[in-house]
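Engineer: For reference, the file target_36.pdb (PDB, C-alpha atoms) is included below:
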```
MODEL        1
ATOM      1  CA  MET Q   1     -31.701 -91.323 -36.586  1.00  0.00           C
ATOM      2  CA  SER Q   2     -30.482 -91.765 -40.147  1.00  0.00           C
ATOM      3  CA  ARG Q   3     -26.839 -92.839 -40.585  1.00  0.00           C
ATOM      4  CA  GLY Q   4     -26.465 -89.809 -42.849  1.00  0.00           C
ATOM      5  CA  PHE Q   5     -26.454 -87.565 -39.778  1.00  0.00           C
ATOM      6  CA  VAL Q   6     -24.106 -89.607 -37.611  1.00  0.00           C
ATOM      7  CA  LYS Q   7     -20.329 -89.558 -37.753  1.00  0.00           C
ATOM      8  CA  GLU Q   8     -18.649 -92.975 -37.913  1.00  0.00           C
ATOM      9  CA  ASP Q   9     -16.823 -92.241 -34.625  1.00  0.00           C
ATOM     10  CA  ASP Q  10     -20.170 -91.652 -32.928  1.00  0.00           C
ATOM     11  CA  LEU Q  11     -21.385 -95.100 -33.988  1.00  0.00           C
ATOM     12  CA  GLU Q  12     -18.239 -96.758 -32.708  1.00  0.00           C
ATOM     13  CA  HIS Q  13     -18.616 -95.228 -29.244  1.00  0.00           C
ATOM     14  CA  ALA Q  14     -22.394 -95.459 -28.909  1.00  0.00           C
ATOM     15  CA  GLY Q  15     -23.275 -96.997 -25.571  1.00  0.00           C
ATOM     16  CA  THR Q  16     -19.721 -97.133 -24.221  1.00  0.00           C
ATOM     17  CA  ASP Q  17     -19.981 -93.953 -22.133  1.00  0.00           C
ATOM     18  CA  LEU Q  18     -22.395 -95.130 -19.455  1.00  0.00           C
ATOM     19  CA  PRO Q  19     -23.266 -93.420 -16.182  1.00  0.00           C
ATOM     20  CA  GLU Q  20     -22.089 -95.251 -13.064  1.00  0.00           C
ATOM     21  CA  ARG Q  21     -24.599 -97.267 -11.058  1.00  0.00           C
ATOM     22  CA  PRO Q  22     -25.456 -95.284  -7.927  1.00  0.00           C
ATOM     23  CA  ILE Q  23     -24.110 -96.547  -4.604  1.00  0.00           C
ATOM     24  CA  SER Q  24     -26.425 -96.198  -1.628  1.00  0.00           C
ATOM     25  CA  ALA Q  25     -25.448 -93.835   1.169  1.00  0.00           C
ATOM     26  CA  HIS Q  26     -26.594 -96.455   3.705  1.00  0.00           C
ATOM     27  CA  ALA Q  27     -24.256 -98.933   5.369  1.00  0.00           C
ATOM     28  CA  ASN Q  28     -23.851-102.025   3.189  1.00  0.00           C
ATOM     29  CA  TYR Q  29     -25.015-104.762   5.571  1.00  0.00           C
ATOM     30  CA  VAL Q  30     -25.131-108.203   3.961  1.00  0.00           C
ATOM     31  CA  THR Q  31     -26.099-111.668   5.116  1.00  0.00           C
ATOM     32  CA  PRO Q  32     -23.710-114.544   4.355  1.00  0.00           C
ATOM     33  CA  SER Q  33     -25.902-115.538   1.385  1.00  0.00           C
ATOM     34  CA  GLY Q  34     -25.998-111.911   0.214  1.00  0.00           C
ATOM     35  CA  LEU Q  35     -22.214-111.752   0.211  1.00  0.00           C
ATOM     36  CA  GLN Q  36     -22.064-114.996  -1.783  1.00  0.00           C
ATOM     37  CA  GLN Q  37     -24.616-113.563  -4.215  1.00  0.00           C
ATOM     38  CA  LEU Q  38     -22.443-110.470  -4.831  1.00  0.00           C
ATOM     39  CA  GLN Q  39     -19.360-112.662  -5.295  1.00  0.00           C
ATOM     40  CA  ARG Q  40     -21.192-114.946  -7.757  1.00  0.00           C
ATOM     41  CA  GLN Q  41     -22.417-111.975  -9.778  1.00  0.00           C
ATOM     42  CA  ALA Q  42     -18.896-110.523  -9.988  1.00  0.00           C
ATOM     43  CA  SER Q  43     -17.445-113.907 -10.992  1.00  0.00           C
ATOM     44  CA  GLN Q  44     -20.098-114.402 -13.660  1.00  0.00           C
ATOM     45  CA  LEU Q  45     -19.417-110.947 -15.128  1.00  0.00           C
ATOM     46  CA  GLU Q  46     -15.670-111.653 -15.158  1.00  0.00           C
ATOM     47  CA  GLN Q  47     -16.359-114.830 -17.157  1.00  0.00           C
ATOM     48  CA  GLU Q  48     -18.560-112.901 -19.617  1.00  0.00           C
ATOM     49  CA  ARG Q  49     -15.905-110.202 -19.935  1.00  0.00           C
ATOM     50  CA  LEU Q  50     -13.027-112.446 -21.093  1.00  0.00           C
ATOM     51  CA  PRO Q  51     -14.218-113.267 -24.631  1.00  0.00           C
ATOM     52  CA  LEU Q  52     -15.538-109.739 -25.201  1.00  0.00           C
ATOM     53  CA  ALA Q  53     -12.214-108.139 -24.288  1.00  0.00           C
ATOM     54  CA  GLN Q  54     -10.609-109.980 -27.202  1.00  0.00           C
ATOM     55  CA  ARG Q  55     -13.067-108.486 -29.726  1.00  0.00           C
ATOM     56  CA  LYS Q  56     -11.890-104.862 -29.555  1.00  0.00           C
ATOM     57  CA  GLU Q  57     -12.937-104.070 -33.136  1.00  0.00           C
ATOM     58  CA  ASP Q  58     -16.557-105.177 -32.673  1.00  0.00           C
ATOM     59  CA  PRO Q  59     -18.745-102.206 -31.595  1.00  0.00           C
ATOM     60  CA  VAL Q  60     -21.434-104.512 -30.164  1.00  0.00           C
ATOM     61  CA  ALA Q  61     -18.830-106.331 -28.066  1.00  0.00           C
ATOM     62  CA  GLN Q  62     -17.427-102.995 -26.893  1.00  0.00           C
ATOM     63  CA  GLN Q  63     -20.885-101.801 -25.860  1.00  0.00           C
ATOM     64  CA  ARG Q  64     -21.478-104.997 -23.859  1.00  0.00           C
ATOM     65  CA  LEU Q  65     -17.971-104.721 -22.386  1.00  0.00           C
ATOM     66  CA  ALA Q  66     -18.704-101.176 -21.205  1.00  0.00           C
ATOM     67  CA  ILE Q  67     -21.831-102.395 -19.417  1.00  0.00           C
ATOM     68  CA  ILE Q  68     -19.964-105.299 -17.810  1.00  0.00           C
ATOM     69  CA  ASP Q  69     -17.099-103.036 -16.692  1.00  0.00           C
ATOM     70  CA  ARG Q  70     -19.561-100.583 -15.129  1.00  0.00           C
ATOM     71  CA  ASP Q  71     -21.381-103.393 -13.323  1.00  0.00           C
ATOM     72  CA  LEU Q  72     -18.066-104.871 -12.136  1.00  0.00           C
ATOM     73  CA  ARG Q  73     -17.059-101.483 -10.661  1.00  0.00           C
ATOM     74  CA  TYR Q  74     -20.410-101.367  -8.848  1.00  0.00           C
ATOM     75  CA  LEU Q  75     -20.069-104.912  -7.511  1.00  0.00           C
ATOM     76  CA  GLN Q  76     -16.461-104.331  -6.430  1.00  0.00           C
ATOM     77  CA  ALA Q  77     -17.527-101.213  -4.515  1.00  0.00           C
ATOM     78  CA  LYS Q  78     -20.325-103.204  -2.857  1.00  0.00           C
ATOM     79  CA  LEU Q  79     -17.936-106.045  -1.969  1.00  0.00           C
ATOM     80  CA  ASP Q  80     -15.349-103.597  -0.608  1.00  0.00           C
ATOM     81  CA  SER Q  81     -17.949-101.907   1.605  1.00  0.00           C
ATOM     82  CA  ALA Q  82     -19.803-105.070   2.685  1.00  0.00           C
ATOM     83  CA  ILE Q  83     -20.455-105.427   6.405  1.00  0.00           C
ATOM     84  CA  LEU Q  84     -21.134-109.114   6.990  1.00  0.00           C
ATOM     85  CA  VAL Q  85     -23.785-109.782   9.630  1.00  0.00           C
ATOM     86  CA  ASP Q  86     -24.287-113.358  10.784  1.00  0.00           C
ATOM     87  CA  PRO Q  87     -27.996-113.725  11.564  1.00  0.00           C
ATOM     88  CA  ALA Q  88     -27.204-116.607  13.944  1.00  0.00           C
ATOM     89  CA  ALA Q  89     -25.288-114.161  16.163  1.00  0.00           C
ATOM     90  CA  GLN Q  90     -28.313-111.858  16.588  1.00  0.00           C
ATOM     91  CA  PRO Q  91     -30.399-111.975  19.786  1.00  0.00           C
ATOM     92  CA  ALA Q  92     -33.293-114.327  19.051  1.00  0.00           C
ATOM     93  CA  ASP Q  93     -35.928-112.239  20.846  1.00  0.00           C
ATOM     94  CA  THR Q  94     -35.497-109.001  18.853  1.00  0.00           C
ATOM     95  CA  VAL Q  95     -36.069-108.160  15.194  1.00  0.00           C
ATOM     96  CA  LEU Q  96     -32.723-107.139  13.711  1.00  0.00           C
ATOM     97  CA  PHE Q  97     -30.917-107.450  10.395  1.00  0.00           C
ATOM     98  CA  GLY Q  98     -31.145-110.995   9.049  1.00  0.00           C
ATOM     99  CA  ALA Q  99     -34.350-111.854  10.918  1.00  0.00           C
ATOM    100  CA  THR Q 100     -37.235-113.713   9.376  1.00  0.00           C
ATOM    101  CA  VAL Q 101     -40.306-112.142  10.918  1.00  0.00           C
ATOM    102  CA  GLU Q 102     -43.826-113.540  10.961  1.00  0.00           C
ATOM    103  CA  VAL Q 103     -46.525-110.906  11.362  1.00  0.00           C
ATOM    104  CA  GLU Q 104     -50.293-110.807  11.441  1.00  0.00           C
ATOM    105  CA  ASP Q 105     -52.082-107.833   9.939  1.00  0.00           C
ATOM    106  CA  GLU Q 106     -55.226-106.149  11.228  1.00  0.00           C
ATOM    107  CA  ASN Q 107     -57.338-108.414   8.964  1.00  0.00           C
ATOM    108  CA  GLY Q 108     -55.910-111.584  10.501  1.00  0.00           C
ATOM    109  CA  SER Q 109     -53.719-112.461   7.503  1.00  0.00           C
ATOM    110  CA  GLN Q 110     -50.231-113.729   8.277  1.00  0.00           C
ATOM    111  CA  HIS Q 111     -47.132-112.679   6.346  1.00  0.00           C
ATOM    112  CA  THR Q 112     -43.447-113.598   6.591  1.00  0.00           C
ATOM    113  CA  PHE Q 113     -40.587-111.244   5.705  1.00  0.00           C
ATOM    114  CA  MET Q 114     -36.817-111.587   5.898  1.00  0.00           C
ATOM    115  CA  ILE Q 115     -34.784-108.430   6.539  1.00  0.00           C
ATOM    116  CA  VAL Q 116     -31.743-108.403   4.245  1.00  0.00           C
ATOM    117  CA  GLY Q 117     -29.244-106.078   2.574  1.00  0.00           C
ATOM    118  CA  GLU Q 118     -30.244-103.663  -0.169  1.00  0.00           C
ATOM    119  CA  ASP Q 119     -28.806-105.813  -2.967  1.00  0.00           C
ATOM    120  CA  GLU Q 120     -30.444-108.965  -1.579  1.00  0.00           C
ATOM    121  CA  ALA Q 121     -33.977-107.574  -1.454  1.00  0.00           C
ATOM    122  CA  ASP Q 122     -36.463-109.508  -3.564  1.00  0.00           C
ATOM    123  CA  ILE Q 123     -40.132-108.979  -2.789  1.00  0.00           C
ATOM    124  CA  ALA Q 124     -41.044-112.133  -4.746  1.00  0.00           C
ATOM    125  CA  LEU Q 125     -39.112-114.050  -2.059  1.00  0.00           C
ATOM    126  CA  ASN Q 126     -40.448-111.829   0.766  1.00  0.00           C
ATOM    127  CA  GLN Q 127     -36.948-110.445   1.323  1.00  0.00           C
ATOM    128  CA  VAL Q 128     -37.055-106.743   2.191  1.00  0.00           C
ATOM    129  CA  SER Q 129     -34.190-104.300   2.472  1.00  0.00           C
ATOM    130  CA  TRP Q 130     -33.275-103.217   5.979  1.00  0.00           C
ATOM    131  CA  THR Q 131     -33.760 -99.622   4.750  1.00  0.00           C
ATOM    132  CA  SER Q 132     -37.364-100.205   3.633  1.00  0.00           C
ATOM    133  CA  PRO Q 133     -40.272 -98.693   5.573  1.00  0.00           C
ATOM    134  CA  LEU Q 134     -41.453-102.186   6.552  1.00  0.00           C
ATOM    135  CA  ALA Q 135     -38.073-103.238   7.939  1.00  0.00           C
ATOM    136  CA  GLN Q 136     -37.637 -99.915   9.710  1.00  0.00           C
ATOM    137  CA  ALA Q 137     -40.995-100.442  11.435  1.00  0.00           C
ATOM    138  CA  LEU Q 138     -40.004-103.969  12.520  1.00  0.00           C
ATOM    139  CA  ILE Q 139     -36.365-103.512  13.573  1.00  0.00           C
ATOM    140  CA  GLY Q 140     -35.913-103.390  17.335  1.00  0.00           C
ATOM    141  CA  GLN Q 141     -39.325-104.903  18.086  1.00  0.00           C
ATOM    142  CA  LYS Q 142     -40.127-108.134  19.929  1.00  0.00           C
ATOM    143  CA  ILE Q 143     -42.778-110.865  19.720  1.00  0.00           C
ATOM    144  CA  GLY Q 144     -46.162-109.437  20.662  1.00  0.00           C
ATOM    145  CA  ASP Q 145     -45.254-105.861  19.684  1.00  0.00           C
ATOM    146  CA  SER Q 146     -47.474-104.002  17.237  1.00  0.00           C
ATOM    147  CA  VAL Q 147     -46.101-101.692  14.560  1.00  0.00           C
ATOM    148  CA  THR Q 148     -47.544 -99.553  11.805  1.00  0.00           C
ATOM    149  CA  TRP Q 149     -46.237-100.134   8.309  1.00  0.00           C
ATOM    150  CA  HIS Q 150     -46.545 -96.853   6.407  1.00  0.00           C
ATOM    151  CA  ARG Q 151     -47.332 -97.826   2.811  1.00  0.00           C
ATOM    152  CA  PRO Q 152     -48.395 -95.817  -0.231  1.00  0.00           C
ATOM    153  CA  ALA Q 153     -51.595 -97.903  -0.258  1.00  0.00           C
ATOM    154  CA  GLY Q 154     -52.293 -96.857   3.333  1.00  0.00           C
ATOM    155  CA  ASP Q 155     -51.002 -97.679   6.764  1.00  0.00           C
ATOM    156  CA  LEU Q 156     -51.235-101.270   7.949  1.00  0.00           C
ATOM    157  CA  ASP Q 157     -50.983-102.368  11.570  1.00  0.00           C
ATOM    158  CA  LEU Q 158     -48.936-105.523  12.133  1.00  0.00           C
ATOM    159  CA  GLU Q 159     -48.373-107.674  15.194  1.00  0.00           C
ATOM    160  CA  ILE Q 160     -45.121-109.619  15.430  1.00  0.00           C
ATOM    161  CA  ILE Q 161     -45.949-113.264  16.108  1.00  0.00           C
ATOM    162  CA  ALA Q 162     -42.554-114.948  15.528  1.00  0.00           C
ATOM    163  CA  ILE Q 163     -38.888-114.140  14.955  1.00  0.00           C
ATOM    164  CA  HIS Q 164     -36.438-116.606  13.417  1.00  0.00           C
ATOM    165  CA  TYR Q 165     -32.738-116.410  12.573  1.00  0.00           C
TER     166      TYR Q 165
ENDMDL
END
```
Using the file provided, produce a representation of the structure as structure tokens.

Structural biologist:
Amino acid sequence: MSRGFVKEDDLEHAGTDLPERPISAHANYVTPSGLQQLQRQASQLEQERLPLAQRKEDPVAQQRLAIIDRDLRYLQAKLDSAILVDPAAQPADTVLFGATVEVEDENGSQHTFMIVGEDEADIALNQVSWTSPLAQALIGQKIGDSVTWHRPAGDLDLEIIAIHY
């Protein structure tokens, strides 16, 4: 849009009125490392916020500050609602939150997944949210049990071959 059609006040406030990050309706279970991850993220944002807060006249700084403040509100809400679950306290023979589960699919391929909190999930690290279809299929099962993982690419039958905490 050409500057000729924008009021100066609009430019000053562009990007500072951001929608809040949505908070999940699910319980906020976290592993000890997940809690530390949330705390580190909040601390890092606080450090980024300090120099920006001093540059109140800079519209770019104000836009970045608005993003940081929104993210800090999200992280504070997640920290306030965190339910810490110690995987070491879980029964070793059952798949529950915090478990690392080794499975074998119907083709004989083996896969390992760790069931973690929503904010900890990272498929590149094979960490899946406890609310995911895969975790929901695995939770409550024991070694030797078979489950069906309902995926968009098609259902996949898995056999649980090991559980670790």

Engineer: Using all atoms listed in the file, which of Q:Gln76, Q:Asn126, Q:Ser109, Q:Gln90 sits nearest Gly140 (chain Q)?

Structural biologist: Q:Gln90

Engineer: Using the chain letters and residue numbers of this document, give as a ChimeraX atom specification the residues selected by the PyMOL selection byres ((chain Q and resi 95-107) around 8).

Structural biologist: /Q:31,85-87,90,92-94,108-116,130,138-142,156-165

Engineer: When you count only C-alpha atoms, which of these residues is closest to Glu46 (chain Q): Q:Leu72, Q:Ala27, Q:Ile123, Q:Val60?

Structural biologist: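 The closest residue to Glu46 (chain Q) is Q:Leu72.
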
Engineer: Looking at only C-alpha atoms, which of Q:Gln136, Q:Arg73, Q:Thr131, Q:His150 is the one that sits closest to Leu45 (chain Q)?

Structural biologist: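 Comparing Q:Gln136, Q:Arg73, Q:Thr131, Q:His150 against Leu45 (chain Q), the winner is Q:Arg73.
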
Engineer: Find, counting all atoms listed in the file, the residue in Q:Trp149, Q:Leu79, Q:Ala66, Q:Glu118 that gets nearest to Leu52 (chain Q).

Structural biologist: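 Checking each candidate against Leu52 (chain Q), we get Q:Ala66 as the closest.
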
Engineer: Within 10 Å of Glu120 (chain Q), counting all atoms listed in the file, which residues qualify if same-chain residues fewer than 5 places away don't, as a list in words?

Structural biologist: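 Using all atoms listed in the file, the neighbours found are Tyr29, Val30, Thr31, Ser33, Gly34, Leu35, Gln37, Leu38, Ile115, Gln127, Val128, Ser129 and Trp130 of chain Q.
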